[in-house]
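Asks: Sharing upload.pdb, PDB, C-alpha atoms:
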```
MODEL        1
ATOM      1  CA  MET A  16     102.657 270.711 140.160  1.00  0.00           C
ATOM      2  CA  ARG A  17     104.383 272.156 143.254  1.00  0.00           C
ATOM      3  CA  LYS A  18     106.052 275.467 143.994  1.00  0.00           C
ATOM      4  CA  SER A  19     107.770 277.335 146.780  1.00  0.00           C
ATOM      5  CA  CYS A  20     105.383 279.347 148.958  1.00  0.00           C
ATOM      6  CA  PRO A  21     106.314 283.061 149.276  1.00  0.00           C
ATOM      7  CA  TYR A  22     104.493 283.239 152.646  1.00  0.00           C
ATOM      8  CA  CYS A  23     105.953 280.362 154.645  1.00  0.00           C
ATOM      9  CA  GLY A  24     108.837 279.129 152.471  1.00  0.00           C
ATOM     10  CA  ARG A  25     107.558 275.545 152.218  1.00  0.00           C
ATOM     11  CA  ILE A  26     106.771 273.602 149.048  1.00  0.00           C
ATOM     12  CA  HIS A  27     103.034 273.329 148.304  1.00  0.00           C
ATOM     13  CA  ASP A  28     100.809 272.199 145.484  1.00  0.00           C
ATOM     14  CA  VAL A  29      99.984 275.207 143.280  1.00  0.00           C
ATOM     15  CA  MET A  30      96.303 274.927 144.242  1.00  0.00           C
ATOM     16  CA  TYR A  31      97.026 274.884 148.011  1.00  0.00           C
ATOM     17  CA  LYS A  32      96.121 278.084 149.888  1.00  0.00           C
ATOM     18  CA  CYS A  33      98.724 278.707 152.555  1.00  0.00           C
ATOM     19  CA  PRO A  34      97.260 279.827 155.914  1.00  0.00           C
ATOM     20  CA  GLN A  35     100.295 282.123 156.366  1.00  0.00           C
ATOM     21  CA  ALA A  36      99.059 284.264 153.461  1.00  0.00           C
ATOM     22  CA  LYS A  37      96.131 285.622 155.515  1.00  0.00           C
ATOM     23  CA  ARG A  38      98.346 286.573 158.446  1.00  0.00           C
ATOM     24  CA  ARG A  39     100.782 288.436 156.259  1.00  0.00           C
ATOM     25  CA  GLN A  40      98.044 290.358 154.455  1.00  0.00           C
ATOM     26  CA  SER A  41      96.303 291.398 157.661  1.00  0.00           C
ATOM     27  CA  ARG A  42      99.540 292.809 159.091  1.00  0.00           C
ATOM     28  CA  ASN A  43     100.126 294.912 155.986  1.00  0.00           C
ATOM     29  CA  LYS A  44      96.615 296.366 156.041  1.00  0.00           C
ATOM     30  CA  LYS A  45      96.950 297.672 159.579  1.00  0.00           C
ATOM     31  CA  THR A  46      96.060 301.355 159.518  1.00  0.00           C
ATOM     32  CA  TYR A  47      96.164 303.933 162.228  1.00  0.00           C
ATOM     33  CA  GLU A  48      94.089 307.019 162.831  1.00  0.00           C
ATOM     34  CA  TYR A  49      96.971 309.228 161.721  1.00  0.00           C
ATOM     35  CA  ASP A  50      97.253 307.301 158.420  1.00  0.00           C
ATOM     36  CA  ARG A  51      93.579 307.885 157.657  1.00  0.00           C
ATOM     37  CA  TYR A  52      93.853 311.576 158.580  1.00  0.00           C
ATOM     38  CA  ARG A  53      96.078 312.304 155.566  1.00  0.00           C
ATOM     39  CA  ASN A  54      93.159 311.414 153.260  1.00  0.00           C
ATOM     40  CA  THR A  55      90.642 313.748 154.868  1.00  0.00           C
ATOM     41  CA  ILE A  56      89.346 317.009 153.446  1.00  0.00           C
ATOM     42  CA  SER A  57      90.313 318.646 156.740  1.00  0.00           C
ATOM     43  CA  TRP A  58      93.992 317.819 156.136  1.00  0.00           C
ATOM     44  CA  GLN A  59      93.822 318.867 152.477  1.00  0.00           C
ATOM     45  CA  ARG A  60      92.450 322.274 153.502  1.00  0.00           C
ATOM     46  CA  LYS A  61      95.032 322.697 156.256  1.00  0.00           C
ATOM     47  CA  ARG A  62      97.842 321.646 153.914  1.00  0.00           C
ATOM     48  CA  ASN A  63      96.744 324.251 151.347  1.00  0.00           C
ATOM     49  CA  GLU A  64      96.500 326.902 154.076  1.00  0.00           C
ATOM     50  CA  ILE A  65     100.079 326.230 155.211  1.00  0.00           C
ATOM     51  CA  LYS A  66     101.388 326.234 151.645  1.00  0.00           C
ATOM     52  CA  GLU A  67      99.716 329.606 151.073  1.00  0.00           C
ATOM     53  CA  ARG A  68     101.131 330.957 154.342  1.00  0.00           C
ATOM     54  CA  ASP A  69     104.608 329.852 153.229  1.00  0.00           C
ATOM     55  CA  MET A  70     103.998 331.125 149.663  1.00  0.00           C
ATOM     56  CA  ASN A  71     104.543 327.595 148.249  1.00  0.00           C
ATOM     57  CA  MET A  72     108.261 327.752 149.020  1.00  0.00           C
ATOM     58  CA  CYS A  73     110.571 325.573 151.062  1.00  0.00           C
ATOM     59  CA  GLN A  74     111.185 327.560 154.233  1.00  0.00           C
ATOM     60  CA  ILE A  75     114.660 326.050 154.721  1.00  0.00           C
ATOM     61  CA  CYS A  76     115.773 326.984 151.177  1.00  0.00           C
ATOM     62  CA  VAL A  77     114.386 330.546 151.567  1.00  0.00           C
ATOM     63  CA  ARG A  78     116.541 331.045 154.652  1.00  0.00           C
ATOM     64  CA  GLY A  79     119.625 329.462 153.054  1.00  0.00           C
ATOM     65  CA  LEU A  80     119.900 326.821 155.778  1.00  0.00           C
ATOM     66  CA  TYR A  81     121.111 323.241 155.251  1.00  0.00           C
ATOM     67  CA  LYS A  82     122.351 323.925 151.731  1.00  0.00           C
ATOM     68  CA  TYR A  83     120.740 321.950 148.952  1.00  0.00           C
ATOM     69  CA  GLY A  84     120.934 322.915 145.295  1.00  0.00           C
ATOM     70  CA  ALA A  85     121.357 326.405 143.901  1.00  0.00           C
ATOM     71  CA  ARG A  86     117.775 327.671 144.250  1.00  0.00           C
ATOM     72  CA  GLN A  87     116.969 329.960 147.132  1.00  0.00           C
ATOM     73  CA  TYR A  88     113.280 330.183 146.286  1.00  0.00           C
ATOM     74  CA  ASN A  89     112.531 326.519 145.772  1.00  0.00           C
ATOM     75  CA  THR A  90     108.930 325.849 144.720  1.00  0.00           C
ATOM     76  CA  ASN A  91     109.476 322.316 143.360  1.00  0.00           C
ATOM     77  CA  GLY A  92     108.143 319.288 145.221  1.00  0.00           C
ATOM     78  CA  ILE A  93     106.778 321.258 148.170  1.00  0.00           C
ATOM     79  CA  SER A  94     104.953 319.316 150.865  1.00  0.00           C
ATOM     80  CA  VAL A  95     103.769 320.165 154.365  1.00  0.00           C
ATOM     81  CA  HIS A  96     105.753 318.584 157.183  1.00  0.00           C
ATOM     82  CA  HIS A  97     104.503 317.827 160.709  1.00  0.00           C
ATOM     83  CA  ILE A  98     107.331 318.921 162.989  1.00  0.00           C
ATOM     84  CA  VAL A  99     106.055 316.698 165.782  1.00  0.00           C
ATOM     85  CA  PRO A 100     104.911 313.569 163.906  1.00  0.00           C
ATOM     86  CA  LEU A 101     101.255 312.537 164.019  1.00  0.00           C
ATOM     87  CA  LYS A 102     102.126 309.230 165.645  1.00  0.00           C
ATOM     88  CA  ASP A 103     103.909 311.050 168.501  1.00  0.00           C
ATOM     89  CA  ASN A 104     101.201 313.639 169.204  1.00  0.00           C
ATOM     90  CA  TYR A 105      98.010 313.378 167.173  1.00  0.00           C
ATOM     91  CA  GLU A 106      96.524 316.424 168.918  1.00  0.00           C
ATOM     92  CA  LEU A 107      99.002 318.750 167.135  1.00  0.00           C
ATOM     93  CA  ARG A 108      97.871 317.608 163.667  1.00  0.00           C
ATOM     94  CA  ASP A 109      96.187 320.939 162.762  1.00  0.00           C
ATOM     95  CA  GLU A 110      98.356 323.355 164.755  1.00  0.00           C
ATOM     96  CA  ASN A 111      99.921 325.887 162.392  1.00  0.00           C
ATOM     97  CA  SER A 112     102.971 326.138 164.641  1.00  0.00           C
ATOM     98  CA  ASN A 113     103.582 322.395 164.051  1.00  0.00           C
ATOM     99  CA  LEU A 114     103.402 322.631 160.239  1.00  0.00           C
ATOM    100  CA  ILE A 115     105.969 323.882 157.733  1.00  0.00           C
ATOM    101  CA  SER A 116     106.393 323.761 153.940  1.00  0.00           C
ATOM    102  CA  LEU A 117     109.514 321.898 152.811  1.00  0.00           C
ATOM    103  CA  CYS A 118     110.996 320.627 149.549  1.00  0.00           C
ATOM    104  CA  ASP A 119     111.523 316.870 149.143  1.00  0.00           C
ATOM    105  CA  CYS A 120     115.172 316.976 150.181  1.00  0.00           C
ATOM    106  CA  HIS A 121     114.627 319.036 153.326  1.00  0.00           C
ATOM    107  CA  HIS A 122     111.526 316.986 154.190  1.00  0.00           C
ATOM    108  CA  LYS A 123     113.674 313.838 154.190  1.00  0.00           C
ATOM    109  CA  MET A 124     116.322 315.608 156.271  1.00  0.00           C
ATOM    110  CA  ALA A 125     113.670 316.718 158.786  1.00  0.00           C
ATOM    111  CA  ASP A 126     112.217 313.206 158.991  1.00  0.00           C
ATOM    112  CA  SER A 127     115.654 311.707 159.642  1.00  0.00           C
ATOM    113  CA  GLY A 128     116.485 314.309 162.309  1.00  0.00           C
ATOM    114  CA  GLU A 129     119.245 316.062 160.333  1.00  0.00           C
ATOM    115  CA  ILE A 130     117.276 319.291 160.744  1.00  0.00           C
ATOM    116  CA  PRO A 131     116.453 319.744 164.459  1.00  0.00           C
ATOM    117  CA  LYS A 132     112.811 320.149 165.457  1.00  0.00           C
ATOM    118  CA  LYS A 133     113.664 323.339 167.351  1.00  0.00           C
ATOM    119  CA  VAL A 134     114.860 324.981 164.115  1.00  0.00           C
ATOM    120  CA  LEU A 135     111.672 323.948 162.309  1.00  0.00           C
ATOM    121  CA  GLN A 136     109.456 325.132 165.178  1.00  0.00           C
ATOM    122  CA  LYS A 137     111.195 328.522 165.254  1.00  0.00           C
ATOM    123  CA  ILE A 138     110.619 328.969 161.502  1.00  0.00           C
ATOM    124  CA  ALA A 139     106.956 327.899 161.777  1.00  0.00           C
ATOM    125  CA  LEU A 140     106.392 330.444 164.560  1.00  0.00           C
ATOM    126  CA  GLU A 141     108.074 333.164 162.479  1.00  0.00           C
ATOM    127  CA  GLN A 142     105.769 332.312 159.580  1.00  0.00           C
ATOM    128  CA  GLU A 143     102.711 332.536 161.824  1.00  0.00           C
ATOM    129  CA  GLN A 144     103.703 336.044 162.941  1.00  0.00           C
ATOM    130  CA  THR A 145     104.475 337.301 159.414  1.00  0.00           C
ATOM    131  CA  PRO A 146     101.574 339.004 157.615  1.00  0.00           C
ATOM    132  CA  PRO A 147     100.437 337.203 154.434  1.00  0.00           C
ATOM    133  CA  GLY A 148     102.374 338.112 151.299  1.00  0.00           C
ATOM    134  CA  HIS A 149     105.573 339.274 153.075  1.00  0.00           C
TER     135      HIS A 149
ENDMDL
END
```
What would the structure in this file look like if it were written as structure tokens?

Replies:
Amino acid sequence: MRKSCPYCGRIHDVMYKCPQAKRRQSRNKKTYEYDRYRNTISWQRKRNEIKERDMNMCQICVRGLYKYGARQYNTNGISVHHIVPLKDNYELRDENSNLISLCDCHHKMADSGEIPKKVLQKIALEQEQTPPGH
């Protein structure tokens, strides 16, 4: 019996192992140092520290910037965003001034560039200068 190969597009016997399959798999498994960093205890601790600093709230929603939804104090779907991405400058991975808590919507906007990095950096610096709990 023969079937179409999903790797090269040719027709092979069902028992034939296409050599293209190995190439495709190896490309997908390519990992970078910054990908592995997100699974480290160091990052998990830093992420929790930033969330605590930002009181587990989206810092864009709190300031009423880039309107999204009706909640000013959004605590749903909060994640920590690297203002300068890890792939662009890995050395800034643990710098508090490069990290900010954002909701899912604002995180996507920041990733796409709809929210300028300068705005995010200014907010992160404000958060660093604010005493905890204020």

Asks: Identify, on the basis of only C-alpha atoms, every residue whose closest approach to Leu140 (chain A) does not exceed 9 Å; exclude the query and any residue fewer than 5 positions from it along the same chain; express the result as a VMD selection string.

Replies: chain A and resid 111 to 113 135 145

Asks: Hey, can you spit out that residue selection with C-alpha atoms as a PDB file, in the frame of the given file?

Replies:
```
ATOM      1  CA  ASN A 111      99.921 325.887 162.392  1.00  0.00           C
ATOM      2  CA  SER A 112     102.971 326.138 164.641  1.00  0.00           C
ATOM      3  CA  ASN A 113     103.582 322.395 164.051  1.00  0.00           C
ATOM      4  CA  LEU A 135     111.672 323.948 162.309  1.00  0.00           C
ATOM      5  CA  THR A 145     104.475 337.301 159.414  1.00  0.00           C
TER       6      THR A 145
END
```

Asks: Name the residues that the PyMOL selection byres ((chain A and resi 143) around 12) pulls out of this structure, and write them as a ChimeraX atom specification.

Replies: /A:64-65,67-69,110-115,136-142,144-149

Asks: How far is it from CA of Lys32 (chain A) to CA of Tyr47 (chain A), in Å with one decimal?

Replies: 28.6 Å

Asks: How many Å lie between CA of Pro131 (chain A) and CA of Trp58 (chain A), rounded to one decimal?

Replies: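 We find that CA of Pro131 (chain A) and CA of Trp58 (chain A) lie 24.0 Å from each other.
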
Asks: For a quick check of understanding, using only C-alpha atoms, which of A:Gly24, A:Arg108, A:Leu117, A:Asn63 has the smallest distance to Tyr88 (chain A)?

Replies: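 Using only C-alpha atoms, Tyr88 (chain A) sits closest to A:Leu117.
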
Asks: CA of Pro100 (chain A) and CA of Cys118 (chain A), how far apart in Å?

Replies: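 Rounded to one decimal, the two atoms are 17.1 Å apart.
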
Asks: Enclose all atoms of region 85-96 of chain A listed in the file in an axis-aligned box, grow every side by 5 Å, and hand back centre and edge lengths in Å to one decimal, as AutoDock Vina command-line options.

Replies:
```
--center_x 112.6 --center_y 324.4 --center_z 150.3 --size_x 27.6 --size_y 21.6 --size_z 23.8
```

Asks: List the residues matched by the PyMOL selection byres ((chain A and resi 28) around 8) in the displayed structure as a compact mmCIF listing (two decimals) with C-alpha atoms, in the coordinates of the input, ordered by chain and then by residue number.

Replies:
```
# COMPACT_ATOMS: atom_id res chain seq x y z
CA MET A 16 102.66 270.71 140.16
CA ARG A 17 104.38 272.16 143.25
CA LYS A 18 106.05 275.47 143.99
CA ILE A 26 106.77 273.60 149.05
CA HIS A 27 103.03 273.33 148.30
CA VAL A 29 99.98 275.21 143.28
CA MET A 30 96.30 274.93 144.24
CA TYR A 31 97.03 274.88 148.01
```
